[in-house]
Amino acid sequence: MGKEIVFDNVRKKYKDIEIIPNMNFRVEPGERLILLGPSGCGKSTILRMIAGFEFVTEGEIRLDGQVVNDVPSGKRNIAMVFQNYALYPHMTVLQNITYGLKANKVPLTEIENRVDLALDIVELKGYENRKPHELSGGQRQRVALARAIVKKCEYLLLDEPLSNLDAKLRVSARKHLLNIHEKFGQTFIYVTHDQIEAMTLGQKIVLINEGEIQMFDTPEHIYNRPANVFTAQFIGSPPMSVIEARYENGKMYFGNQEYQLDQQWVDFLKNYTKKTILFGIRPEHLEISVSYMDNSLVGVVNYIETQGKDYGVYLQLNNHEVVALSERKNWTVGGEKYIRPMQTELHLFDPDSRLNLGYPETMTSRYDR
Ligand SMILES: Nc1ncnc2c1ncn2[C@@H]1O[C@H](COP(=O)(O)OP(=O)(O)OP(=O)(O)O)[C@@H](O)[C@H]1O
């Protein structure tokens, strides 16, 4: 069973460059945590500090209550899976998987039992005698996973382990990962910049930008009630439209166009009258129609992109662009269309702090699902 991880005022600098100014979080024992964020935000650095491959500049990392800042990597009870798998090319699958165990003098029958189970989980029985170059990318990735799980560590750290796989293999690899976690219950720390992976694998997600935590919560909360504009726009594809609006007399004004809010929002916004608000709406919550709809706005179609089943329709709404998802195919660029945000799906943000203003009480139960 996995153990707790705590970041307590952790700071990391590479020479004079500050990568992580001050980071605090706690991972529950046996939890699957995803470190998510754009390229260069510091995800791998965080993982490498947990693994003991990087020093902490200031603050403490505690594993199961013990400060590990000065504990060497090999003594941290950690297994790590790398993006490039890091397999030994001259060794067979079996030798790759057992190498670390033999080096640590684990008894032979114990090694056999562990390997048997690991090969079963990653579905590689029969491949024991192949060398890495005789395997597909997906199979190599599974060898790396098997090698990590036979170590029977309390912490499993994964640095973008699926990024070299195609979309189909990623789906089956995610299933293997969940299987492994169910069987062994390690504390998982999983680095990715792929929001689908984060949403499907994470029990919690920590979303990072420029070395700072933007939100630390469940995938559902991150999607349904993003703490700030960054979170709102990082998750979801196409991203949430967030545009400036002025609030007055129960209405949102987008330039000269107005949109009447429901009573629950009017009550909620009583202190915001005549203020500018950032108005957020996800594409799937922006209705679009060629014919007039009550309380709708008018937008001009800028361009259309196919999303598979749906089409992303990008529209100009005064000075801003918004995007709606539609199953209908034959939208024409340049045409005026009616768009209407769904009242129960609005997200409003402060224009200065860019923080979420919250939701009317009548709506919060929906977001707590
Ligand atoms: N050894 C190093 N020396 C100096 N700067 C470094 C070093 N390692 C990483 N950095 C810098 O630290 C920042 C964070 O890097 P890190 O690899 O943690 O990002 P990341 O979020 O994992 O990115 P990616 O998703 O692209 O792998 C980057 O700006 C990077 O250039």
# chains A, B, ... in the order shown; residues from 1 in each chain; ligands from 1
$ residues_around --residues "A:Ile61" --least-positions-apart "6" --cutoff "7 Å" --atoms "only C-alpha atoms" --output "ChimeraX atom specification"
/A:6-8,67-69
$ select_by_dssp --residues "stretch 100-267 of chain A" --states "helix (DSSP H, G or I)" --output "number ranges by chain"
A: 100-103, 108-121, 132-134, 137-150, 167-184, 195-201, 219-224, 229-234, 263-267
$ closest_residue --among "A:Asn113, A:Gln233, A:Ser172, A:Ser289" --to "A:Gln139" --atoms "only C-alpha atoms"
A:Ser172
$ residues_near_ligand --ligand "ligand 1" --cutoff "12 Å" --atoms "only C-alpha atoms and all ligand atoms" --output "short mmCIF file (atom, residue, chain, number, x, y, z; two decimals) with C-alpha atoms, in the first residue's frame"
data_model
loop_
_atom_site.label_atom_id
_atom_site.label_comp_id
_atom_site.auth_asym_id
_atom_site.auth_seq_id
_atom_site.Cartn_x
_atom_site.Cartn_y
_atom_site.Cartn_z
CA LYS A 12 13.51 24.99 -6.58
CA LYS A 13 16.06 27.06 -8.41
CA TYR A 14 18.40 26.04 -11.21
CA LYS A 15 21.32 28.41 -10.63
CA ASP A 16 19.60 31.83 -10.60
CA ILE A 17 16.43 30.77 -12.33
CA GLU A 18 13.48 30.14 -10.08
CA ILE A 19 11.44 27.20 -11.37
CA ILE A 20 9.21 26.55 -8.35
CA PRO A 21 8.76 29.58 -6.06
CA LEU A 35 0.81 16.53 -12.33
CA LEU A 36 -0.66 18.41 -15.27
CA GLY A 37 0.44 21.58 -16.99
CA PRO A 38 1.94 23.11 -20.12
CA SER A 39 5.43 22.30 -21.32
CA GLY A 40 8.10 23.79 -19.09
CA CYS A 41 5.81 24.47 -16.10
CA GLY A 42 7.95 22.32 -13.78
CA LYS A 43 6.14 18.96 -13.69
CA SER A 44 9.19 16.79 -14.32
CA THR A 45 11.23 18.83 -11.88
CA ILE A 46 8.66 18.09 -9.15
CA LEU A 47 8.71 14.39 -9.99
CA ARG A 48 12.49 14.30 -10.05
CA MET A 49 12.65 15.96 -6.64
CA PHE A 53 17.23 12.99 -8.82
CA GLU A 54 17.09 16.72 -8.09
CA PHE A 55 17.90 18.65 -4.93
CA PHE A 82 10.35 7.19 -17.94
CA GLN A 83 9.02 8.58 -21.18
CA LEU A 158 5.55 8.02 -14.07
CA ASP A 159 6.93 10.72 -16.36
CA GLU A 160 4.77 10.92 -19.50
CA PRO A 161 5.01 7.14 -19.92
CA SER A 163 3.52 9.88 -24.86
CA TYR A 190 1.86 10.73 -12.98
CA VAL A 191 3.22 13.56 -15.11
CA THR A 192 1.43 14.52 -18.30
CA HIS A 193 0.44 17.50 -20.39
CA ASP A 194 -2.45 15.51 -21.85
CA LEU A 207 -2.65 21.76 -12.40
CA ILE A 208 0.55 23.79 -12.58
CA ASN A 209 1.56 26.87 -14.52
CA GLU A 210 4.98 28.51 -14.27
CA GLY A 211 5.84 26.54 -11.14
CA GLU A 212 2.67 27.50 -9.29
#
$ closest_residue --among "A:Gln214, A:Val322, A:Phe268, A:Asp294" --to "A:Phe254" --atoms "only C-alpha atoms"
A:Val322
$ closest_residue --among "A:Tyr253, A:Phe349, A:Tyr359, A:Phe188" --to "A:Ile34" --atoms "only C-alpha atoms"
A:Phe188
$ closest_residue --among "A:Val242, A:Asn295, A:Val266, A:Gln257" --to "A:Arg282" --atoms "only C-alpha atoms"
A:Val242
$ closest_residue --among "A:Gly137, A:Asn22, A:His347, A:Gln66" --to "A:Ala173" --atoms "only C-alpha atoms"
A:Gly137
$ select_by_dssp --residues "stretch 272-335 of chain A" --states "strand (DSSP E)" --output "PyMOL selection string"
chain A and resi 275-281+286-289+297-306+311-317+320-326
$ atom_distance --atom1 "atom CA of A:Thr109" --atom2 "atom CA of A:Gly126"
19.1 Å
$ residues_around --residues "stretch 291-293 of chain A" --least-positions-apart "5" --cutoff "10 Å" --atoms "only C-alpha atoms" --output "number ranges by chain"
A: 298, 336-340
$ write_last_selection --atoms "N, CA and C atoms" --output "compact mmCIF listing (two decimals), in the first residue's frame"
# COMPACT_ATOMS: atom_id res chain seq x y z
N VAL A 298 -26.15 37.50 -31.11
CA VAL A 298 -25.86 37.24 -32.52
C VAL A 298 -24.35 37.24 -32.73
N GLU A 336 -24.52 35.33 -40.01
CA GLU A 336 -24.93 35.67 -38.63
C GLU A 336 -25.73 34.51 -38.05
N LYS A 337 -25.38 34.12 -36.82
CA LYS A 337 -26.09 33.01 -36.18
C LYS A 337 -26.50 33.42 -34.78
N TYR A 338 -27.49 32.70 -34.26
CA TYR A 338 -27.97 32.98 -32.90
C TYR A 338 -27.25 32.04 -31.94
N ILE A 339 -26.74 32.60 -30.86
CA ILE A 339 -26.06 31.78 -29.85
C ILE A 339 -26.63 32.11 -28.47
N ARG A 340 -26.72 31.06 -27.64
CA ARG A 340 -27.30 31.28 -26.31
C ARG A 340 -26.57 30.41 -25.28
$ atom_distance --atom1 "atom CA of A:Glu248" --atom2 "atom CA of A:Thr273"
5.0 Å
$ atom_distance --atom1 "atom CA of A:Asn9" --atom2 "atom CA of A:Ala232"
25.8 Å
$ closest_residue --among "A:Ala198, A:Ala245, A:Leu286, A:Ile149" --to "A:Tyr272" --atoms "only C-alpha atoms"
A:Ala245
$ residues_around --residues "A:Lys270" --least-positions-apart "4" --cutoff "12 Å" --atoms "only C-alpha atoms" --output "list in words"
Tyr247, Glu248, Asn249, Gly250, Lys251, Leu261, Gln263, Gln264, Trp265, Val266, Lys274, Lys275 and Pro360 of chain A
$ write_last_selection --atoms "C-alpha atoms" --output "CSV table (one decimal), in the first residue's frame"
chain,number,residue,atom,x,y,z
A,247,TYR,CA,-23.1,43.5,-15.7
A,248,GLU,CA,-26.1,45.8,-15.1
A,249,ASN,CA,-29.8,45.4,-14.2
A,250,GLY,CA,-29.7,41.6,-14.3
A,251,LYS,CA,-28.1,41.6,-17.8
A,261,LEU,CA,-29.6,36.3,-16.4
A,263,GLN,CA,-32.9,35.2,-10.9
A,264,GLN,CA,-30.3,32.9,-9.2
A,265,TRP,CA,-27.5,34.7,-11.0
A,266,VAL,CA,-29.1,38.1,-10.4
A,274,LYS,CA,-22.0,48.1,-13.4
A,275,LYS,CA,-18.8,46.0,-13.1
A,360,PRO,CA,-25.3,30.5,-6.9
$ residues_around --residues "A:Arg140" --least-positions-apart "3" --cutoff "10 Å" --atoms "only C-alpha atoms" --output "number ranges by chain"
A: 84-87, 93, 124, 131-137, 143-146
$ write_last_selection --atoms "C-alpha atoms" --output "mmCIF file, in the first residue's frame"
data_model
loop_
_atom_site.group_PDB
_atom_site.id
_atom_site.type_symbol
_atom_site.label_atom_id
_atom_site.label_comp_id
_atom_site.auth_asym_id
_atom_site.auth_seq_id
_atom_site.Cartn_x
_atom_site.Cartn_y
_atom_site.Cartn_z
ATOM 1 C CA ASN A 84 11.709 6.746 -23.196
ATOM 2 C CA TYR A 85 11.305 3.554 -21.066
ATOM 3 C CA ALA A 86 15.080 3.366 -20.387
ATOM 4 C CA LEU A 87 15.325 -0.373 -21.105
ATOM 5 C CA VAL A 93 12.529 -8.703 -21.426
ATOM 6 C CA LEU A 124 3.492 -9.923 -21.928
ATOM 7 C CA LYS A 131 15.146 -8.044 -26.736
ATOM 8 C CA PRO A 132 13.707 -4.494 -26.737
ATOM 9 C CA HIS A 133 14.385 -4.029 -30.481
ATOM 10 C CA GLU A 134 12.155 -7.038 -31.149
ATOM 11 C CA LEU A 135 9.193 -5.359 -29.460
ATOM 12 C CA SER A 136 6.707 -2.698 -30.521
ATOM 13 C CA GLY A 137 6.635 0.668 -28.728
ATOM 14 C CA VAL A 143 8.173 -3.963 -20.049
ATOM 15 C CA ALA A 144 9.075 -0.685 -18.359
ATOM 16 C CA LEU A 145 5.845 -0.867 -16.356
ATOM 17 C CA ALA A 146 6.481 -4.508 -15.403
#
